[in-house]
Each structure stands twice: as C-alpha cells, then as structure tokens.
file target_2.tsv (TSV, C-alpha atoms)
chain	number	residue	atom	x	y	z
M	1	MET	CA	-4.69	-7.55	12.69
M	2	LYS	CA	-6.97	-9.55	10.43
M	3	LYS	CA	-6.45	-7.73	7.14
M	4	ASN	CA	-3.09	-7.09	5.49
M	5	ILE	CA	-1.83	-3.52	5.20
M	6	ILE	CA	-0.17	-2.89	1.84
M	7	LEU	CA	2.28	0.03	1.74
M	8	ILE	CA	2.73	1.53	-1.72
M	9	GLY	CA	4.51	4.63	-2.94
M	10	PHE	CA	7.42	5.82	-5.01
M	11	MET	CA	10.82	4.26	-4.48
M	12	GLY	CA	12.69	5.92	-1.65
M	13	VAL	CA	9.60	7.36	0.09
M	14	GLY	CA	10.28	5.25	3.19
M	15	LYS	CA	8.01	2.22	2.87
M	16	GLY	CA	10.58	-0.13	4.40
M	17	THR	CA	11.41	2.26	7.24
M	18	THR	CA	7.73	2.80	8.02
M	19	ALA	CA	6.97	-0.93	7.79
M	20	ARG	CA	9.73	-1.93	10.21
M	21	ALA	CA	8.73	0.75	12.72
M	22	PHE	CA	5.03	-0.16	12.45
M	23	ALA	CA	5.74	-3.88	12.87
M	24	LYS	CA	7.78	-3.21	15.98
M	25	LYS	CA	5.30	-0.77	17.56
M	26	TYR	CA	2.18	-2.85	16.87
M	27	ASN	CA	3.76	-6.31	17.12
M	28	VAL	CA	2.78	-7.46	13.63
M	29	TYR	CA	4.69	-9.34	10.97
M	30	ASN	CA	6.24	-7.33	8.15
M	31	ILE	CA	7.37	-8.57	4.76
M	32	ASP	CA	8.84	-6.71	1.80
M	33	THR	CA	7.93	-7.72	-1.75
M	34	ASP	CA	11.38	-6.88	-3.13
M	35	ASP	CA	13.00	-9.01	-0.41
M	36	LEU	CA	10.70	-11.92	-1.28
M	37	ILE	CA	11.60	-11.62	-4.96
M	38	GLU	CA	15.33	-11.35	-4.22
M	39	SER	CA	15.11	-14.46	-2.06
M	40	LYS	CA	13.24	-16.45	-4.70
M	41	GLU	CA	15.51	-15.30	-7.53
M	42	ASN	CA	18.69	-15.49	-5.42
M	43	ARG	CA	19.84	-12.07	-6.68
M	44	GLU	CA	19.26	-8.39	-5.95
M	45	VAL	CA	16.52	-6.42	-7.71
M	46	LYS	CA	19.16	-4.39	-9.53
M	47	LYS	CA	20.73	-7.60	-10.89
M	48	ILE	CA	17.33	-8.99	-11.91
M	49	PHE	CA	16.73	-5.80	-13.94
M	50	GLU	CA	20.21	-6.05	-15.50
M	51	LYS	CA	20.08	-9.76	-16.35
M	52	LYS	CA	16.40	-10.42	-17.08
M	53	GLY	CA	14.83	-7.00	-17.67
M	54	GLU	CA	11.94	-5.05	-16.21
M	55	ALA	CA	9.19	-7.23	-17.77
M	56	TYR	CA	10.61	-10.30	-16.03
M	57	PHE	CA	10.76	-8.43	-12.73
M	58	ARG	CA	7.12	-7.29	-13.11
M	59	ALA	CA	6.14	-10.94	-13.68
M	60	CYS	CA	7.95	-11.80	-10.43
M	61	GLU	CA	5.93	-9.10	-8.68
M	62	GLN	CA	2.69	-10.62	-9.97
M	63	GLN	CA	3.74	-14.09	-8.74
M	64	THR	CA	4.50	-12.55	-5.36
M	65	ALA	CA	1.11	-10.81	-5.25
M	66	ASP	CA	-0.64	-14.08	-6.10
M	67	TRP	CA	1.21	-15.85	-3.27
M	68	ILE	CA	0.35	-13.05	-0.82
M	69	GLU	CA	-3.33	-13.22	-1.79
M	70	LYS	CA	-3.44	-16.97	-1.13
M	71	CYS	CA	-1.12	-17.33	1.84
M	72	VAL	CA	-0.57	-14.12	3.82
M	73	LYS	CA	-2.98	-12.70	6.42
M	74	GLY	CA	-2.62	-10.08	9.14
M	75	THR	CA	0.71	-8.82	7.85
M	76	LEU	CA	2.18	-5.44	6.95
M	77	ILE	CA	3.58	-5.63	3.43
M	78	SER	CA	5.93	-3.01	2.03
M	79	CYS	CA	6.02	-3.02	-1.75
M	80	GLY	CA	8.45	-1.99	-4.43
M	81	GLY	CA	7.62	1.25	-6.23
M	82	GLY	CA	6.11	-0.51	-9.25
M	83	PHE	CA	4.16	-3.15	-7.32
M	84	TYR	CA	0.99	-1.07	-7.69
M	85	GLN	CA	0.73	-2.56	-11.20
M	86	VAL	CA	-0.15	-6.08	-10.01
M	87	GLU	CA	-3.63	-7.13	-11.09
M	88	ASN	CA	-4.88	-8.12	-7.63
M	89	LEU	CA	-3.48	-5.31	-5.46
M	90	LYS	CA	-6.85	-4.37	-3.94
M	91	LYS	CA	-7.47	-8.02	-2.96
M	92	LEU	CA	-4.28	-8.15	-0.89
M	93	GLY	CA	-5.45	-5.83	1.90
M	94	THR	CA	-5.90	-2.17	2.79
M	95	VAL	CA	-3.75	-0.17	0.38
M	96	VAL	CA	-1.86	2.64	2.13
M	97	LEU	CA	-0.01	5.20	0.02
M	98	LEU	CA	3.02	6.89	1.57
M	99	ASP	CA	2.86	10.17	-0.34
M	100	ALA	CA	5.56	12.82	-0.78
M	101	SER	CA	6.85	15.11	-3.51
M	102	PHE	CA	9.62	13.92	-5.81
M	103	GLU	CA	11.92	16.62	-4.44
M	104	TRP	CA	11.39	15.46	-0.85
M	105	ILE	CA	12.07	11.82	-1.78
M	106	HIS	CA	15.17	12.70	-3.79
M	107	ASN	CA	16.50	14.85	-0.95
M	108	ARG	CA	15.76	12.05	1.57
M	109	LEU	CA	17.86	9.62	-0.48
M	110	LYS	CA	20.69	12.07	-1.20
M	111	THR	CA	21.08	13.05	2.46
M	112	ALA	CA	20.73	9.58	4.00
M	113	LYS	CA	23.67	8.18	5.99
M	114	ASN	CA	24.22	5.54	3.33
M	115	ALA	CA	23.05	7.67	0.38
M	116	GLU	CA	25.25	6.02	-2.22
M	117	ALA	CA	23.94	2.55	-1.36
M	118	LYS	CA	20.32	3.74	-1.20
M	119	LEU	CA	20.56	5.28	-4.66
M	120	ALA	CA	22.54	2.35	-6.10
M	121	LYS	CA	19.91	-0.23	-5.13
M	122	ARG	CA	17.19	1.66	-7.03
M	123	PRO	CA	17.93	1.04	-10.72
M	124	LEU	CA	15.11	3.28	-11.94
M	125	PHE	CA	16.41	6.22	-9.86
M	126	SER	CA	19.83	6.37	-11.51
M	127	LYS	CA	18.87	9.24	-13.83
M	128	GLU	CA	17.10	12.04	-11.96
M	129	LYS	CA	15.21	13.44	-14.96
M	130	GLU	CA	13.86	10.00	-15.91
M	131	ALA	CA	13.03	9.20	-12.29
M	132	LYS	CA	11.03	12.42	-12.01
M	133	LYS	CA	9.12	11.55	-15.19
M	134	LEU	CA	8.38	8.09	-13.76
M	135	TYR	CA	7.20	9.69	-10.51
M	136	LYS	CA	4.76	11.90	-12.46
M	137	GLU	CA	3.45	8.87	-14.39
M	138	ARG	CA	2.92	6.78	-11.26
M	139	GLU	CA	1.56	9.47	-8.94
M	140	LYS	CA	-2.03	9.37	-10.28
M	141	PHE	CA	-2.14	5.56	-10.15
M	142	TYR	CA	-0.91	5.48	-6.55
M	143	LYS	CA	-3.63	7.92	-5.47
M	144	LYS	CA	-6.34	6.12	-7.42
M	145	LEU	CA	-5.50	2.75	-5.83
M	146	ALA	CA	-4.99	3.96	-2.26
M	147	ASP	CA	-7.56	3.33	0.46
M	148	VAL	CA	-5.51	5.56	2.78
M	149	VAL	CA	-3.06	8.37	1.90
M	150	VAL	CA	-0.33	9.32	4.38
M	151	ASP	CA	1.46	12.66	3.86
M	152	VAL	CA	4.94	11.61	4.95
M	153	GLU	CA	6.46	15.04	4.26
M	154	ASN	CA	4.46	16.67	7.03
M	155	LEU	CA	4.23	13.91	9.63
M	156	THR	CA	6.87	12.45	11.89
M	157	LEU	CA	7.38	8.70	11.71
M	158	ASP	CA	5.41	8.22	14.94
M	159	GLU	CA	2.55	10.34	13.57
M	160	GLN	CA	2.56	8.26	10.39
M	161	LEU	CA	2.33	5.04	12.39
M	162	GLU	CA	-0.55	6.32	14.50
M	163	PHE	CA	-2.37	7.63	11.41
M	164	ILE	CA	-2.04	4.27	9.64
M	165	ALA	CA	-3.12	2.34	12.74
M	166	LYS	CA	-6.18	4.55	13.20
M	167	LYS	CA	-7.22	4.42	9.53
M	168	CYS	CA	-6.67	0.64	9.38
M	169	LYS	CA	-8.37	0.10	12.77
M	170	ILE	CA	-5.37	-1.48	14.55
call {"tool": "encode", "arguments": {"input": "target_2.tsv", "output": "structure tokens"}}
result
Amino acid sequence: MKKNIILIGFMGVGKGTTARAFAKKYNVYNIDTDDLIESKENREVKKIFEKKGEAYFRACEQQTADWIEKCVKGTLISCGGGFYQVENLKKLGTVVLLDASFEWIHNRLKTAKNAEAKLAKRPLFSKEKEAKKLYKEREKFYKKLADVVVDVENLTLDEQLEFIAKKCKI
C-alpha cells in the first residue's frame, strides 16, 4: 500500500474497529489519531477536553496531521470524529468516510458489550440532543471531503473491508 487510507466519520461509527480488522486482513500498519494525541499528551482525550479545552485538542489534531503528512506512508489511519477539520486532510491520503445514521451509531454504542466505557470516552456524545446536532453539522463536511463513502449500516464488516480495499486499489 503506497498511499495512506484515512478513515473519517462520526464518533462511534466504528473507525477503530474497521481499521484494526483491515490492518489484520491486508497486513498493513494502522494508527489512530486519538491514540497518538493521548500518547503525546500523556492523558486521555476526555481529560484533554476537560483540562485544556476543545480548541487545544483541535490544535493537537493539526499537529498530528502535519506529522502524518511528513512521516507516514502506506498506513491505515483511523481519525477522531472532528479530525476532518485539519487543514491538510486531503494531502494525507485517500479519505474514506464510514457513513451511518445518528440513530444507528447511537444504538451501536448503547448496545455494545462495554457500552458505558464507549460512551464515557466520547466527551461530545454525553448529551444525546447535542450529539445529534453535532452529527447534523458534520455530516455534510464528511461527505464533501470523502474520496470514498462506505455505508456501514448495510454492509458487514467483511464487506466494508473488501469495499475499501477495492476502492483504494489494495
């Protein structure tokens, strides 16, 4: 894989799950932008939001994007839900949107084995009404930026992986 694949989409849509499965199936490296930021900051995303605020976190995302652009090739990169806002997103690789309705995502999180932990680690998902508003705001930007759109509601994980591989010529 010569070009990076950049997974974007709303928080909880399954970017991390898809990335790990894709990396295993196609034997490629996988990194997660939130994990990189947590490592650099030595604290969880939720704590960064609490202690330093959203603007600081968005600046961390931009630093991460700049590093990826300079240093990372041939890698699958799963991104936080707001990572689409970085200035150089399209320069990082093929942008793949994992797309699903808000209701599907919310249900996925609520019914997960570790639902409480999944919801707790997403600070912007704590209030359903506000999260839905945020989803509506972001939806058009995700679709505008995407090179490839994957309908995760109607595809199995294996079908998603094959679709991404075909569209990204893996």
call {"tool": "closest_residue", "arguments": {"input": "target_2.tsv", "among": "M:Cys79, M:Val72, M:Ile5, M:Ile31", "to": "Cys168 of chain M", "atoms": "all atoms listed in the file"}}
result
M:Ile5
call {"tool": "closest_residue", "arguments": {"input": "target_2.tsv", "among": "M:Tyr29, M:Phe49, M:Phe57, M:Trp104", "to": "Ile77 of chain M", "atoms": "all atoms listed in the file"}}
result
M:Tyr29
call {"tool": "atom_distance", "arguments": {"input": "target_2.tsv", "atom1": "atom CA of Val45 of chain M", "atom2": "atom CA of Ala100 of chain M"}}
result
23.2 Å
call {"tool": "closest_residue", "arguments": {"input": "target_2.tsv", "among": "M:Glu87, M:Leu76, M:Lys167, M:Gln62", "to": "Lys24 of chain M", "atoms": "all atoms listed in the file"}}
result
M:Leu76
call {"tool": "residues_around", "arguments": {"input": "target_2.tsv", "residues": "segment 130-135 of chain M", "least_positions_apart": "2", "cutoff": "10 Å", "atoms": "only C-alpha atoms", "output": "list in words"}}
result
Gly9, Phe10, Met11, Gly81, Gly82, Ser101, Phe102, Glu103, His106, Pro123, Leu124, Phe125, Ser126, Lys127, Glu128, Glu137, Arg138, Glu139, Lys140 and Tyr142 of chain M
call {"tool": "write_last_selection", "arguments": {"input": "target_2.tsv", "atoms": "C-alpha atoms", "output": "short mmCIF file (atom, residue, chain, number, x, y, z; two decimals), in the frame of the given file"}}
result
data_model
loop_
_atom_site.label_atom_id
_atom_site.label_comp_id
_atom_site.auth_asym_id
_atom_site.auth_seq_id
_atom_site.Cartn_x
_atom_site.Cartn_y
_atom_site.Cartn_z
CA GLY M 9 4.51 4.63 -2.94
CA PHE M 10 7.42 5.82 -5.01
CA MET M 11 10.82 4.26 -4.48
CA GLY M 81 7.62 1.25 -6.23
CA GLY M 82 6.11 -0.51 -9.25
CA SER M 101 6.85 15.11 -3.51
CA PHE M 102 9.62 13.92 -5.81
CA GLU M 103 11.92 16.62 -4.44
CA HIS M 106 15.17 12.70 -3.79
CA PRO M 123 17.93 1.04 -10.72
CA LEU M 124 15.11 3.28 -11.94
CA PHE M 125 16.41 6.22 -9.86
CA SER M 126 19.83 6.37 -11.51
CA LYS M 127 18.87 9.24 -13.83
CA GLU M 128 17.10 12.04 -11.96
CA GLU M 137 3.45 8.87 -14.39
CA ARG M 138 2.92 6.78 -11.26
CA GLU M 139 1.56 9.47 -8.94
CA LYS M 140 -2.03 9.37 -10.28
CA TYR M 142 -0.91 5.48 -6.55
#
call {"tool": "atom_distance", "arguments": {"input": "target_2.tsv", "atom1": "atom CA of Ser78 of chain M", "atom2": "atom CA of Ala65 of chain M"}}
result
11.7 Å
call {"tool": "atom_distance", "arguments": {"input": "target_2.tsv", "atom1": "atom CA of Ala23 of chain M", "atom2": "atom CA of Lys40 of chain M"}}
result
22.9 Å
call {"tool": "residues_near_point", "arguments": {"input": "target_2.tsv", "point": "(1.2, -3.4, 12.8)", "cutoff": "9 Å", "atoms": "all atoms listed in the file", "output": "MDAnalysis selection string"}}
result
chainID M and resid 1 5 19 21:30 74:76 161 164:165 170
call {"tool": "closest_residue", "arguments": {"input": "target_2.tsv", "among": "M:Cys60, M:Leu157, M:Ile48, M:Ala55", "to": "Leu36 of chain M", "atoms": "all atoms listed in the file"}}
result
M:Cys60
call {"tool": "closest_residue", "arguments": {"input": "target_2.tsv", "among": "M:Asp147, M:Leu109, M:Asp158, M:Thr64", "to": "Ser39 of chain M", "atoms": "only C-alpha atoms"}}
result
M:Thr64
call {"tool": "closest_residue", "arguments": {"input": "target_2.tsv", "among": "M:Lys110, M:Lys47, M:Leu145, M:Glu159", "to": "Val96 of chain M", "atoms": "all atoms listed in the file"}}
result
M:Leu145
